[in-house]
Amino acid sequence: MIKGLYAAFTAMESSWRYYDLLSNNVANVSTPGYKREVASNQAFSDVLLSRQTPVPSPLSTRIQDVVGQIGTGKLLTDFTTDFAQGTLQTSGNEFDLATGRGFFAVQTPDGNTFYTRDGRFNRDAEGTLVTSHGYLVLNAQGGRITLPAESVTVDADGVISREGQAIDQLQVRDFTPGQLSRAGEAFFSATGAGVQVAGGVRQGVLELSNATLIDDLTTLLTVHRAYQANQTVLSKLDMTLDLAAGQLGIFGR
Amino acid sequence: MSLTLGLGAAVSGMAYHQTVLDVVGQNLANADTHAFRRSRILAEGNPRPGLSPEQNRLGVAEITVDRVFTVGAAQLSESPLHFAINDDSFFRVRDFDGTTVLTRFGGIGLGEGGNIAAFGGRLLEPPIRIPVGQENLAIDAEGIITGIDANSEKQTYGQLTLVRVMNPSGLEGIGEGLYRETVNSGAVSEGRPGSASFATLISGALEGSNTDAAQEFTQIIVAQRAYQAAARTFGVGDEMLKLATNITQ
C-alpha cells in the first residue's frame with residue numbers, strides 16, 4: 001500500500017520536472033542557438049533494488065521481490081542536450097554567422113569562456129567583434145578580433161578577410177559530447193579546449209533554436225496525462241487508506 | 001523542484017512572442033517608407049555557469065531588438081537630384097536644433113537660402129550652396145551636384161560626403177529616418193561616393209524600406225503559433241497544479 005503511494009508520488013514528481021523542461025523548450029522555440037533538452041525515464045524500481053542491500057529475514061526478502069515486480073515509480077535520471085542543428089535562417093547580415101560544426105567561443109567580462117551556436121555578432125564602437133551582449137568573440141588564438149569599419153567576408157573556415165586580405169580567424173571549437181555542459185539557453189561550458197574545426201562557417205546565416213513545437217507539445221500531452229493518471233492512483237490509494245485506517249473496525253454500524 | 005518554474009518559463013515565452021508582434025507591426029507599417037530600416041527582435045540566452053539544470057530552465061532570458069542596416073532596393077524617382085546610397089554609409093545633415101545627424105534618405109532638393117536640403121528642409125553638412133537661377137540640378141554617381149547656369153553652361157556646385165560609423169546598430173534612431181551618433185556607434189570615417197571603400201550612388205532613385213513583407217508575415221505566423229504553444233504549456237501546468245491540490249478531497 002505505502003509502496004504504491006510512493007511510486008505514484010515519484011511518478012508525479014518526475015512528470016513535473018519533465019514539464020519544467022518542456023516548458024523551457026517551448027519558450028525558447030525562437031532563441032537562436034538554443035539546444036533543446038531531452039529527458040529519459042528510468043523505472044524507479046531498478047534504482048531501488050540496486051541500492052538496497054539484501055535483508056536476511058525471510059519476510060523482508062519476500063517484500064523486496066515484490067518491489068522488483070510491481071515497482072511503477074519512475075525517476076528522470078538523465079537530462080541530455082540534443083545537439084542537433086537548428087533551423088538555418090538566411091538574414092544577409094554581415095555578422096550573422098552559423099556553423100555546421102563546433103561552436104563559436106565567446107568571453108564574458110569576468111574572463112569566462114563559453115561556447116555557443118548563437119552567431120549574432122557585431123562590431124562595437126572600437127571595431128572589436130562582440131556578441132549582442134557585448135561579450136568578446138574570440139579568434140583562433142583566444143584573443144579579441146579587431147575589424148575595419150568596411151564590410152568583410154567570412155569563409156567556411158572562419159577566416160575573416162577584407163578584399164582578399166585575411167584579417168583574423170574565428171575560434172570554432174568542437175568537443176566530445178561529455179565535455180560540454182549547459183550554461184544558459186544557448187551557452188555551454190567546456191572541460192578541455194576542444195579542437196579547432198574548419199569548413200562549417202556560413203556568413204549571413206543564423207542558426208535558430210532546434211526546439212520543435214510538435215515534439216515538445218506531444219510530449220507535454222503525455223506528461224500531462226501521466227501526471228493525471230498518477231494523481232488518480234494517489235487519490236484512490238488515499239481513499240483505500242482512509243477506509244483501512246478510518247472506517248475499518250468501527251463498531252455500532 | 002520548484003512549483004512555478006515551468007509556469008514562469010511559459011509566461012516568458014508568451015511575453016517574448018507578444019513583443020515580436022509589436023516589432024513586426026512597426027516594420028510592416030513602414031514597408032513603404034523610403035530608407036526605413038527594419039528592426040529585428042530575437043530572444044537571447046544568458047550565460048549562467050555552474051547552475052543545476054533546474055535553475056537554468058527559466059525560459060526566454062532576454063529580448064534584443066536590433067536595427068538591421070541591410071541596403072533596401074532602389075526605386076526610380078522623378079527627380080534627378082534624388083539618390084540612393086548603395087552601401088552601409090550615411091550622409092550628414094544639420095537638424096533644426098543645430099546638431100549634426102545622419103540619414104540615408106537621399107530625397108534632397110533646393111532648400112532655404114539656395115542650399116541643398118534633405119528631408120524636412122534640413123541642410124546638408126557641410127552645406128552645398130546653389131547660386132540663383134540655376135536649372136536642371138542633378139547628382140551623379142560620385143555625388144557631384146551639377147546644374148546649368150544662365151549662360152547654358154554646366155556648373156559644378158559641390159560633392160556629397162558619405163560617412164560610415166563603426167557600429168551602425170549603436171546609432172540612436174530619432175525618427176524621420178535620422179540617426180544620432182552615440183558612444184556605441186564608434187569612430188566615423190568619411191569619403192566621397194565611389195572613392196576607396198565607399199560605393200557609388202544610384203542617382204535618380206530613392207532607397208526603399210528594407211522591410212521584407214514575406215519575412216514579416218512568416219514571423220507573425222511563427223510568433224502566433226509559438227505564443228499559442230506557450231499559452232497551452234501554461235494551461236497544462238495550471239491543470240497539473242490543480243490535480244496536485246486535488247489529491248485528497
# chains A, B, ... in the order shown; residues from 1 in each chain; ligands from 1
call {"tool": "residues_around", "arguments": {"residues": "segment 117-124 of chain A", "least_positions_apart": "4", "cutoff": "7 Å", "atoms": "only C-alpha atoms", "output": "ChimeraX atom specification"}}
result
/A:32-33,95-99,103-104,128-132,186,206-207 /B:166-167,184
call {"tool": "select_by_dssp", "arguments": {"residues": "segment 55-243 of chain B", "states": "helix (DSSP H, G or I)", "output": "PyMOL selection string"}}
result
chain B and resi 55-56+112-114+119-121+168-170+213-243
call {"tool": "residues_around", "arguments": {"residues": "segment 21-34 of chain B", "least_positions_apart": "6", "cutoff": "8 Å", "atoms": "only C-alpha atoms", "output": "PyMOL selection string"}}
result
chain B and resi 40-41+105+206-213+216+219-220+223
call {"tool": "closest_atom_pairs", "arguments": {"of": "chain B", "to": "chain A", "cutoff": "7 Å", "atoms": "only C-alpha atoms", "output": "CSV"}}
result
residue,atom,partner,partner_atom,distance
B:Met1,CA,A:Arg17,CA,6.7
B:Leu5,CA,A:Asp20,CA,6.3
B:Gly6,CA,A:Asp20,CA,4.0
B:Ala9,CA,A:Asn24,CA,5.4
B:Ala10,CA,A:Ser23,CA,5.6
B:Ser12,CA,A:Ala27,CA,6.6
B:Gly13,CA,A:Ala27,CA,4.0
B:Leu42,CA,A:Thr31,CA,6.6
B:Ala43,CA,A:Thr31,CA,4.7
B:Glu44,CA,A:Thr31,CA,5.7
B:Gly45,CA,A:Glu185,CA,4.7
B:Asn46,CA,A:Gly184,CA,5.4
B:Pro47,CA,A:Gly184,CA,4.7
B:Arg48,CA,A:Ala183,CA,4.8
B:Pro49,CA,A:Ala183,CA,4.5
B:Gly50,CA,A:Ala183,CA,6.9
B:Asn56,CA,A:Gly184,CA,5.8
B:Arg57,CA,A:Asn24,CA,5.4
B:Leu58,CA,A:Asn24,CA,6.4
B:Gly59,CA,A:Asn24,CA,4.7
B:Val60,CA,A:Asn28,CA,5.8
B:Thr70,CA,A:Asn93,CA,6.6
B:Val165,CA,A:Ala149,CA,6.8
B:Met166,CA,A:Ala149,CA,4.8
B:Asn167,CA,A:Arg123,CA,5.4
B:Val183,CA,A:Ala125,CA,6.9
B:Asn184,CA,A:Ala125,CA,4.9
B:Ser185,CA,A:Ala125,CA,5.1
B:Gly186,CA,A:Ala125,CA,3.6
B:Ala187,CA,A:Ala125,CA,6.5
B:Ser197,CA,A:Glu150,CA,6.6
B:Ala229,CA,A:Val26,CA,6.9
B:Ala230,CA,A:Ala27,CA,6.1
B:Thr233,CA,A:Ser23,CA,6.2
B:Val236,CA,A:His224,CA,6.7
B:Met240,CA,A:His224,CA,6.9
B:Leu243,CA,A:Gln231,CA,6.6
B:Ala244,CA,A:Gln231,CA,6.9
B:Ile247,CA,A:Ser235,CA,5.1
B:Thr248,CA,A:Ser235,CA,6.1
call {"tool": "write_last_selection", "arguments": {"atoms": "C-alpha atoms", "output": "compact mmCIF listing (two decimals), in the first residue's frame"}}
result
# COMPACT_ATOMS: atom_id res chain seq x y z
CA MET B 1 11.75 21.17 -7.92
CA LEU B 5 9.46 27.25 -12.67
CA GLY B 6 7.78 25.79 -15.72
CA ALA B 9 9.17 29.77 -18.49
CA ALA B 10 5.85 29.52 -20.34
CA SER B 12 8.35 34.36 -20.65
CA GLY B 13 7.66 32.65 -23.99
CA LEU B 42 15.36 37.94 -31.10
CA ALA B 43 15.31 36.06 -27.85
CA GLU B 44 18.68 35.64 -26.31
CA GLY B 45 20.19 33.36 -23.72
CA ASN B 46 22.30 34.43 -20.78
CA PRO B 47 25.45 32.53 -19.86
CA ARG B 48 24.95 31.11 -16.37
CA PRO B 49 27.66 28.65 -15.46
CA GLY B 50 27.61 26.30 -12.54
CA ASN B 56 18.75 27.01 -15.96
CA ARG B 57 15.23 26.41 -17.23
CA LEU B 58 13.97 29.94 -16.99
CA GLY B 59 12.53 30.32 -20.48
CA VAL B 60 13.41 33.36 -22.54
CA THR B 70 20.96 45.96 -44.91
CA VAL B 165 30.26 54.52 -38.49
CA MET B 166 31.99 51.55 -36.93
CA ASN B 167 28.83 50.10 -35.39
CA VAL B 183 29.28 56.30 -27.73
CA ASN B 184 28.31 52.87 -29.06
CA SER B 185 28.33 53.83 -32.72
CA GLY B 186 32.07 54.43 -32.61
CA ALA B 187 34.57 56.02 -34.95
CA SER B 197 35.63 51.68 -49.64
CA ALA B 229 2.12 26.77 -27.64
CA ALA B 230 3.44 28.71 -24.64
CA THR B 233 2.02 24.88 -21.85
CA VAL B 236 -1.18 22.32 -18.76
CA MET B 240 -1.23 19.84 -13.16
CA LEU B 243 -4.50 17.94 -9.92
CA ALA B 244 -1.85 18.12 -7.23
CA ILE B 247 -5.02 14.52 -4.39
CA THR B 248 -7.04 14.48 -1.18
call {"tool": "select_by_dssp", "arguments": {"residues": "segment 6-157 of chain B", "states": "strand (DSSP E)", "output": "ChimeraX atom specification"}}
result
/B:39-44,62-67,74-76,83-84,90-94,100-103,109-110,116-117,135-139,144-148,154-157
call {"tool": "atom_distance", "arguments": {"atom1": "atom CA of Tyr135 of chain A", "atom2": "atom CA of Pro109 of chain A"}}
result
6.7 Å
call {"tool": "residues_around", "arguments": {"residues": "Gly106 of chain B", "least_positions_apart": "3", "cutoff": "9 Å", "atoms": "only C-alpha atoms", "output": "compact mmCIF listing (two decimals) with N, CA and C atoms, in the first residue's frame"}}
result
# COMPACT_ATOMS: atom_id res chain seq x y z
N HIS B 34 10.51 55.31 -47.41
CA HIS B 34 11.83 55.36 -48.03
C HIS B 34 12.93 55.31 -46.96
N ALA B 35 13.93 54.49 -47.23
CA ALA B 35 15.13 54.38 -46.39
C ALA B 35 14.83 53.91 -44.97
N LEU B 81 17.82 64.84 -58.80
CA LEU B 81 18.63 65.22 -57.64
C LEU B 81 18.52 64.16 -56.52
N HIS B 82 17.63 63.22 -56.71
CA HIS B 82 17.48 62.17 -55.69
C HIS B 82 18.56 61.10 -55.89
N PHE B 83 18.91 60.44 -54.81
CA PHE B 83 19.91 59.37 -54.94
C PHE B 83 19.67 58.31 -53.87
N ALA B 84 20.18 57.14 -54.14
CA ALA B 84 20.12 56.05 -53.16
C ALA B 84 21.55 55.65 -52.83
N ILE B 85 21.83 55.49 -51.52
CA ILE B 85 23.16 55.05 -51.08
C ILE B 85 23.22 53.53 -51.23
N PHE B 91 24.84 60.02 -44.87
CA PHE B 91 25.39 61.37 -45.05
C PHE B 91 24.85 62.26 -43.93
N THR B 103 21.66 60.45 -41.95
CA THR B 103 20.49 59.89 -42.62
C THR B 103 20.94 59.16 -43.87
N ALA B 118 18.01 68.31 -47.25
CA ALA B 118 17.49 66.94 -47.22
C ALA B 118 16.08 66.97 -46.67
N PHE B 119 15.57 65.81 -46.27
CA PHE B 119 14.19 65.66 -45.85
C PHE B 119 13.79 66.66 -44.76
N ALA B 205 17.23 57.92 -58.08
CA ALA B 205 16.49 56.83 -57.42
C ALA B 205 16.42 57.13 -55.93
N LEU B 206 15.52 56.47 -55.24
CA LEU B 206 15.44 56.56 -53.78
C LEU B 206 15.47 55.15 -53.21
N GLU B 207 16.10 55.05 -52.06
CA GLU B 207 16.17 53.74 -51.43
C GLU B 207 14.85 53.41 -50.75
call {"tool": "residues_around", "arguments": {"residues": "Gln155 of chain B", "least_positions_apart": "6", "cutoff": "6 Å", "atoms": "only C-alpha atoms", "output": "PyMOL selection string"}}
result
chain B and resi 146-148
call {"tool": "write_last_selection", "arguments": {"atoms": "N, CA and C atoms", "output": "JSON list (two decimals), in the first residue's frame"}}
result
[["chain", "number", "residue", "atom", "x", "y", "z"],
["B", 146, "THR", "N", 25.47, 68.99, -60.05],
["B", 146, "THR", "CA", 25.71, 69.87, -61.21],
["B", 146, "THR", "C", 24.41, 70.54, -61.62],
["B", 147, "GLY", "N", 24.53, 71.57, -62.47],
["B", 147, "GLY", "CA", 23.35, 72.26, -63.00],
["B", 147, "GLY", "C", 23.75, 73.06, -64.21],
["B", 148, "ILE", "N", 22.78, 73.69, -64.80],
["B", 148, "ILE", "CA", 23.02, 74.53, -65.99],
["B", 148, "ILE", "C", 22.77, 75.98, -65.56]]
call {"tool": "atom_distance", "arguments": {"atom1": "atom CA of Ala105 of chain A", "atom2": "atom CA of Ala140 of chain A"}}
result
9.0 Å
call {"tool": "residues_around", "arguments": {"residues": "segment 154-166 of chain A", "least_positions_apart": "2", "cutoff": "8 Å", "atoms": "only C-alpha atoms", "output": "ChimeraX atom specification"}}
result
/A:151-152,168-172,197-203
call {"tool": "atom_distance", "arguments": {"atom1": "atom CA of Ser152 of chain B", "atom2": "atom CA of Leu137 of chain B"}}
result
12.4 Å
call {"tool": "residues_around", "arguments": {"residues": "Arg36 of chain A", "least_positions_apart": "5", "cutoff": "8 Å", "atoms": "only C-alpha atoms", "output": "PyMOL selection string"}}
result
chain A and resi 25+81-83+209-211
call {"tool": "decode", "arguments": {"residues": "segment 170-248 of chain A", "atoms": "C-alpha atoms", "output": "JSON list (two decimals), in the first residue's frame"}}
result
[["chain", "number", "residue", "atom", "x", "y", "z"],
["A", 170, "LEU", "CA", 37.31, 32.89, -35.66],
["A", 171, "GLN", "CA", 37.72, 30.29, -32.99],
["A", 172, "VAL", "CA", 35.40, 27.39, -33.86],
["A", 173, "ARG", "CA", 35.89, 24.52, -31.45],
["A", 174, "ASP", "CA", 34.39, 21.08, -31.41],
["A", 175, "PHE", "CA", 34.17, 18.84, -28.37],
["A", 176, "THR", "CA", 33.37, 15.29, -27.50],
["A", 177, "PRO", "CA", 29.81, 15.10, -26.13],
["A", 178, "GLY", "CA", 30.78, 14.65, -22.49],
["A", 179, "GLN", "CA", 32.96, 17.77, -22.42],
["A", 180, "LEU", "CA", 30.13, 20.27, -22.75],
["A", 181, "SER", "CA", 27.72, 21.26, -20.03],
["A", 182, "ARG", "CA", 24.77, 23.61, -20.29],
["A", 183, "ALA", "CA", 25.37, 27.13, -19.01],
["A", 184, "GLY", "CA", 22.27, 29.05, -20.06],
["A", 185, "GLU", "CA", 19.96, 28.74, -23.03],
["A", 186, "ALA", "CA", 22.42, 28.92, -25.88],
["A", 187, "PHE", "CA", 25.69, 28.76, -23.96],
["A", 188, "PHE", "CA", 27.87, 25.86, -22.96],
["A", 189, "SER", "CA", 30.87, 25.50, -20.69],
["A", 190, "ALA", "CA", 33.58, 23.07, -21.67],
["A", 191, "THR", "CA", 36.10, 20.99, -19.87],
["A", 192, "GLY", "CA", 39.09, 20.84, -22.16],
["A", 193, "ALA", "CA", 39.96, 23.10, -25.04],
["A", 194, "GLY", "CA", 38.40, 21.09, -27.85],
["A", 195, "VAL", "CA", 39.75, 21.12, -31.34],
["A", 196, "GLN", "CA", 39.58, 23.88, -33.93],
["A", 197, "VAL", "CA", 37.38, 22.71, -36.79],
["A", 198, "ALA", "CA", 37.24, 24.04, -40.31],
["A", 199, "GLY", "CA", 34.75, 24.11, -43.09],
["A", 200, "GLY", "CA", 31.40, 24.75, -41.41],
["A", 201, "VAL", "CA", 31.03, 28.53, -41.06],
["A", 202, "ARG", "CA", 28.44, 30.37, -43.12],
["A", 203, "GLN", "CA", 28.11, 34.13, -43.31],
["A", 204, "GLY", "CA", 24.73, 35.86, -43.38],
["A", 205, "VAL", "CA", 23.01, 32.88, -41.86],
["A", 206, "LEU", "CA", 21.64, 32.47, -38.35],
["A", 207, "GLU", "CA", 21.12, 29.18, -36.58],
["A", 208, "LEU", "CA", 17.79, 29.27, -34.77],
["A", 209, "SER", "CA", 16.55, 27.04, -31.98],
["A", 210, "ASN", "CA", 16.36, 23.30, -32.50],
["A", 211, "ALA", "CA", 13.28, 23.00, -30.30],
["A", 212, "THR", "CA", 10.24, 21.98, -32.27],
["A", 213, "LEU", "CA", 6.72, 22.71, -31.09],
["A", 214, "ILE", "CA", 5.35, 19.42, -32.41],
["A", 215, "ASP", "CA", 7.78, 17.24, -30.47],
["A", 216, "ASP", "CA", 7.56, 19.17, -27.24],
["A", 217, "LEU", "CA", 3.79, 19.67, -27.25],
["A", 218, "THR", "CA", 3.20, 15.99, -27.99],
["A", 219, "THR", "CA", 5.45, 15.02, -25.11],
["A", 220, "LEU", "CA", 3.68, 17.62, -22.98],
["A", 221, "LEU", "CA", 0.37, 15.82, -23.56],
["A", 222, "THR", "CA", 1.91, 12.53, -22.50],
["A", 223, "VAL", "CA", 3.41, 14.13, -19.41],
["A", 224, "HIS", "CA", 0.12, 15.78, -18.51],
["A", 225, "ARG", "CA", -1.82, 12.51, -18.82],
["A", 226, "ALA", "CA", 0.81, 10.55, -16.89],
["A", 227, "TYR", "CA", 0.60, 13.14, -14.13],
["A", 228, "GLN", "CA", -3.18, 12.88, -14.16],
["A", 229, "ALA", "CA", -3.12, 9.08, -14.08],
["A", 230, "ASN", "CA", -0.76, 9.01, -11.16],
["A", 231, "GLN", "CA", -2.79, 11.62, -9.34],
["A", 232, "THR", "CA", -5.83, 9.38, -9.76],
["A", 233, "VAL", "CA", -3.86, 6.45, -8.41],
["A", 234, "LEU", "CA", -2.77, 8.54, -5.41],
["A", 235, "SER", "CA", -6.35, 9.61, -4.77],
["A", 236, "LYS", "CA", -7.63, 6.05, -4.95],
["A", 237, "LEU", "CA", -4.88, 4.82, -2.66],
["A", 238, "ASP", "CA", -5.72, 7.63, -0.29],
["A", 239, "MET", "CA", -9.36, 6.53, -0.29],
["A", 240, "THR", "CA", -8.37, 2.93, 0.33],
["A", 241, "LEU", "CA", -6.10, 4.01, 3.17],
["A", 242, "ASP", "CA", -8.91, 6.09, 4.54],
["A", 243, "LEU", "CA", -11.14, 3.03, 4.55],
["A", 244, "ALA", "CA", -8.46, 0.90, 6.14],
["A", 245, "ALA", "CA", -7.36, 3.40, 8.74],
["A", 246, "GLY", "CA", -10.56, 5.28, 9.39],
["A", 247, "GLN", "CA", -13.52, 3.05, 8.65],
["A", 248, "LEU", "CA", -12.35, -0.47, 9.36]]
